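Read the structure below first, then the notes.
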Amino acid sequence: MSEKRYVEEFYMSIVVQKFGGSSVATPEKLNQVAEKIINEVKQKNQVVVVVSAQGKTTDKLIAEEKEVTSKIYPREHDVLVSVGEQITISKLSSLLNDKGYRATSLCGWQIPIITNSEHMNSRIRYIKNETIIDYLRGGHIVIVAGFQGIDEQGNITTLGRGGSDTTAVALAASLKAERCDIYTDVDGVFTADPRIVPDAKKLDIVSYDEMLELASMGAKVLHNRCVEIGNKYNIPIFVKSTFMQNSMGTLVTSANKQIEQFIINGVAKDDYISRITVIGVTNKVGQTYKLFKVMADNLINIDVITQNFGETVKQNVAFTVKMTDLEKTLKVLEEHKKELDIEQVLHTENLCKVSIIGIGINNKPGVAASMFEALYKENINMHMVSTSEIKISVLVDMDDSAKAMRAIHKKFFK
Ligand code: ADP
Ligand code: ASP
Ligand code: MG
């Protein structure tokens, strides 16, 4: 019997629930989470739960790693940071058993969730459903450790910070679940981070495309890769508050039925960015290519790029990298200075990319001007600008980022 038929014939709907780090931070909160799960079981659904590490556990594990080594050994890093989720699944499962429910915890490797071998940022290749389905069939609630998997060689891997959302939606897709509920510490997706912009408005419904842009531009309420998976497999994702009663949350789906009220859908920010300015690159065919080829060969991710064109013999190229890649980037540029024909390399640290997101933004006259005016009125300097069909991003000093978000948000969402 095919797996799909197996699922359809024997079970009622499967629902995947995911609870983030702050939702499972203390025994009291775990208890509330257990009640949320029991509620879902009472709706006669088969429930698969994905959890994150408790509170700041992952950050603490990373700090402990730094106590013993200044380097990062990606394989060992993943063995360490995957521990946090394992603690949560055990506690939650025990708690549910205490309450009289059959619950079983599973680590990524026990399912297994098979990923590629890119440690610290692994991608899920496939998930074997059998073990989970067997437990569901036996009337168990299945509690899965988010964020972690195993590669074909048997190494433990992790999906990148915030990756438990991706575990949840990937499981929902693999198990053909009815929906995936992402429970967190805010009441849904807002037009900006409500902790920074108190006037931010909750979106009742948002399309996968818009959500993907918001998440990719730094709105960490959802891991961007979970939105991609939701879109690909058409899984409705509900973002809700764990602790608010009757939280309606936000539905992320393909059919955005919301009547367009605003020019933009949201404002997001991404901190800890640095800008590198490469001065005096010879103005001849292939020089810029060679520069970025060196970056690509060294696995350095580049974001915004600007190049000043002109009649001059020399030109400047500027680009941004994450601060975590800054040291490596400067080292690589120094090593290739001669071959790339570079005169000087400058860099600016602690920048933030603030973006506005909206479908067809580049077809709406005056949007960029309004955004820049908001910054000008707050006397905020812009270091770089980039635009696309769906967003406009500006680089500002990190110290100005919250002020910039509030000013821009006010301009567009009066
Ligand atoms: P979890 O631990 O549940 O995964 P996260 O901390 O990863 O939670 O994500 C939730 C946080 O995302 C919120 O507390 C909020 O500060 C932040 N956030 C950023 N942008 C947005 C947005 N547009 N809407 C809602 N929350 C946002
Ligand atoms: N615990 C991991 C992190 O802190 C994964 C997650 O919470 O989604 O990044
Ligand atoms: Mg998260």
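Following the order of the structure tokens, first chain is A, next is B, and so on, with residues numbered from 1 inside each chain and ligands from 1 in the order they appear.
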Next on the checklist: Quick check for you: according to DSSP on this backbone, which residues of segment 266-393 of chain A are classed as strand (DSSP E)? Reply as an MDAnalysis selection string.
Outcome noted: chainID A and resid 266:282 305:307 314:322 344:357 384:387 391:393
Per residue of chain A within 8 Å of ligand 3, record the nearest atom pair and its distance in Å to one decimal, counting only C-alpha atoms and all ligand atoms, with rows in chain order and ascending residue number, as CSV.
residue,atom,partner,partner_atom_place_in_ligand_line,distance
A:Gly20,CA,ligand 3,1 (Mg),5.9
A:Gly21,CA,ligand 3,1 (Mg),7.3
A:Arg161,CA,ligand 3,1 (Mg),7.8
A:Gly162,CA,ligand 3,1 (Mg),4.3
A:Gly163,CA,ligand 3,1 (Mg),7.1
A:Ser164,CA,ligand 3,1 (Mg),7.0
A:Asp165,CA,ligand 3,1 (Mg),6.5
A:Thr184,CA,ligand 3,1 (Mg),7.7
A:Lys220,CA,ligand 3,1 (Mg),6.1
A:Val221,CA,ligand 3,1 (Mg),5.7
A:Leu222,CA,ligand 3,1 (Mg),5.9
A:His223,CA,ligand 3,1 (Mg),6.5
Output the selection as a CSV table (one decimal), in the first residue's frame - N, CA and C atoms for each residue.
chain,number,residue,atom,x,y,z
A,20,GLY,N,8.1,27.5,19.7
A,20,GLY,CA,9.5,28.1,19.7
A,20,GLY,C,10.1,28.1,21.1
A,21,GLY,N,11.4,28.6,21.1
A,21,GLY,CA,12.2,28.6,22.3
A,21,GLY,C,11.5,29.3,23.5
A,161,ARG,N,20.1,28.8,12.2
A,161,ARG,CA,19.4,29.4,13.3
A,161,ARG,C,17.9,29.6,13.0
A,162,GLY,N,17.1,29.3,13.9
A,162,GLY,CA,15.6,29.5,13.6
A,162,GLY,C,15.0,28.3,12.8
A,163,GLY,N,15.8,27.3,12.6
A,163,GLY,CA,15.4,26.2,11.7
A,163,GLY,C,14.3,25.3,12.1
A,164,SER,N,13.9,25.4,13.4
A,164,SER,CA,12.8,24.5,13.8
A,164,SER,C,11.5,24.7,13.0
A,165,ASP,N,11.3,26.0,12.6
A,165,ASP,CA,10.1,26.3,11.7
A,165,ASP,C,10.2,25.4,10.5
A,184,THR,N,4.2,31.0,18.7
A,184,THR,CA,5.4,31.8,19.1
A,184,THR,C,5.0,32.8,20.2
A,220,LYS,N,12.3,37.6,11.7
A,220,LYS,CA,12.6,36.2,12.1
A,220,LYS,C,11.4,35.5,12.7
A,221,VAL,N,10.3,36.0,12.6
A,221,VAL,CA,9.1,35.3,13.1
A,221,VAL,C,8.9,34.0,12.4
A,222,LEU,N,9.3,33.9,11.1
A,222,LEU,CA,9.4,32.6,10.4
A,222,LEU,C,10.8,32.4,9.7
A,223,HIS,N,11.3,31.2,9.8
A,223,HIS,CA,12.5,30.9,9.0
A,223,HIS,C,12.2,30.9,7.5
Item to check | d(atom CA of Val24 of chain A, atom CA of Glu76 of chain A) in Å | outcome: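 Atom CA of Glu76 of chain A lies 25.4 Å from atom CA of Val24 of chain A.
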Item to check | Env. residues ligand 1 / 7 Å / only C-alpha atoms and all ligand atoms / as an NGL selection string | outcome: :A and (19-23 or 162 or 165 or 183-186 or 188-195 or 214 or 218-222 or 266 or 268)
Write to file, as a JSON list (two decimals), in the first residue's frame, the residues of the selection just made, with C-alpha atoms.
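Written file, again-v3.json:
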[["chain", "number", "residue", "atom", "x", "y", "z"],
["A", 19, "PHE", "CA", 6.51, 25.68, 19.65],
["A", 20, "GLY", "CA", 9.49, 28.05, 19.68],
["A", 21, "GLY", "CA", 12.16, 28.61, 22.32],
["A", 22, "SER", "CA", 10.30, 31.20, 24.40],
["A", 23, "SER", "CA", 7.13, 29.07, 24.39],
["A", 162, "GLY", "CA", 15.62, 29.49, 13.59],
["A", 165, "ASP", "CA", 10.12, 26.26, 11.72],
["A", 183, "TYR", "CA", 3.17, 28.93, 17.99],
["A", 184, "THR", "CA", 5.40, 31.78, 19.11],
["A", 185, "ASP", "CA", 5.62, 34.76, 21.49],
["A", 186, "VAL", "CA", 3.70, 37.23, 19.28],
["A", 188, "GLY", "CA", 1.10, 36.52, 14.31],
["A", 189, "VAL", "CA", 2.94, 38.27, 11.52],
["A", 190, "PHE", "CA", 2.91, 42.06, 11.83],
["A", 191, "THR", "CA", 3.73, 44.84, 9.40],
["A", 192, "ALA", "CA", 7.00, 45.22, 11.35],
["A", 193, "ASP", "CA", 8.54, 43.60, 14.43],
["A", 194, "PRO", "CA", 6.01, 44.65, 17.12],
["A", 195, "ARG", "CA", 8.80, 44.78, 19.69],
["A", 214, "LEU", "CA", 9.69, 39.56, 4.94],
["A", 218, "GLY", "CA", 15.12, 39.69, 8.56],
["A", 219, "ALA", "CA", 11.61, 39.25, 10.04],
["A", 220, "LYS", "CA", 12.63, 36.23, 12.08],
["A", 221, "VAL", "CA", 9.08, 35.33, 13.07],
["A", 222, "LEU", "CA", 9.40, 32.58, 10.41],
["A", 266, "GLY", "CA", 5.89, 45.29, 5.84],
["A", 268, "ALA", "CA", 11.98, 44.37, 8.18]]
Item to check | DSSP helix (DSSP H, G or I) residues within segment 278-393 of chain A, listed as an NGL selection string | outcome: :A and (287-297 or 323-335 or 337-340 or 361-363 or 367-377)
Next on the checklist: Quick check, in Å to one decimal: how far apart do atom CA of Ser386 of chain A and atom CA of Ala296 of chain A lie?
Outcome noted: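 Computing it gives 20.5 Å between the two atoms.
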Item to check | Which of A:Ile235, A:Ser117, A:Thr324, A:Ile38 sits closest to Ile72 of chain A [using only C-alpha atoms] | outcome: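 Closest candidate: A:Thr324.
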Checklist entry - What does the distance from atom CA of Leu212 of chain A to atom CA of Val227 of chain A come to in Å, to one decimal? => result 5.8 Å
Next on the checklist: Taking 5 positions as the minimum chain separation for residues in the same chain, which residues sit within 9 Å of Leu291 of chain A when counting only C-alpha atoms? Answer as a list in words.
Outcome noted: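 My reading of the contact set: Gly286, Ala296, Leu333, His336 and Leu340 of chain A.
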Item to check | Surrounding residues of Arg225 of chain A excluding itself and chain neighbours under 6 positions, 12 Å, only C-alpha atoms, as a ChimeraX atom specification | outcome: /A:121-124,147,159-170,208-209,211-216,231-232
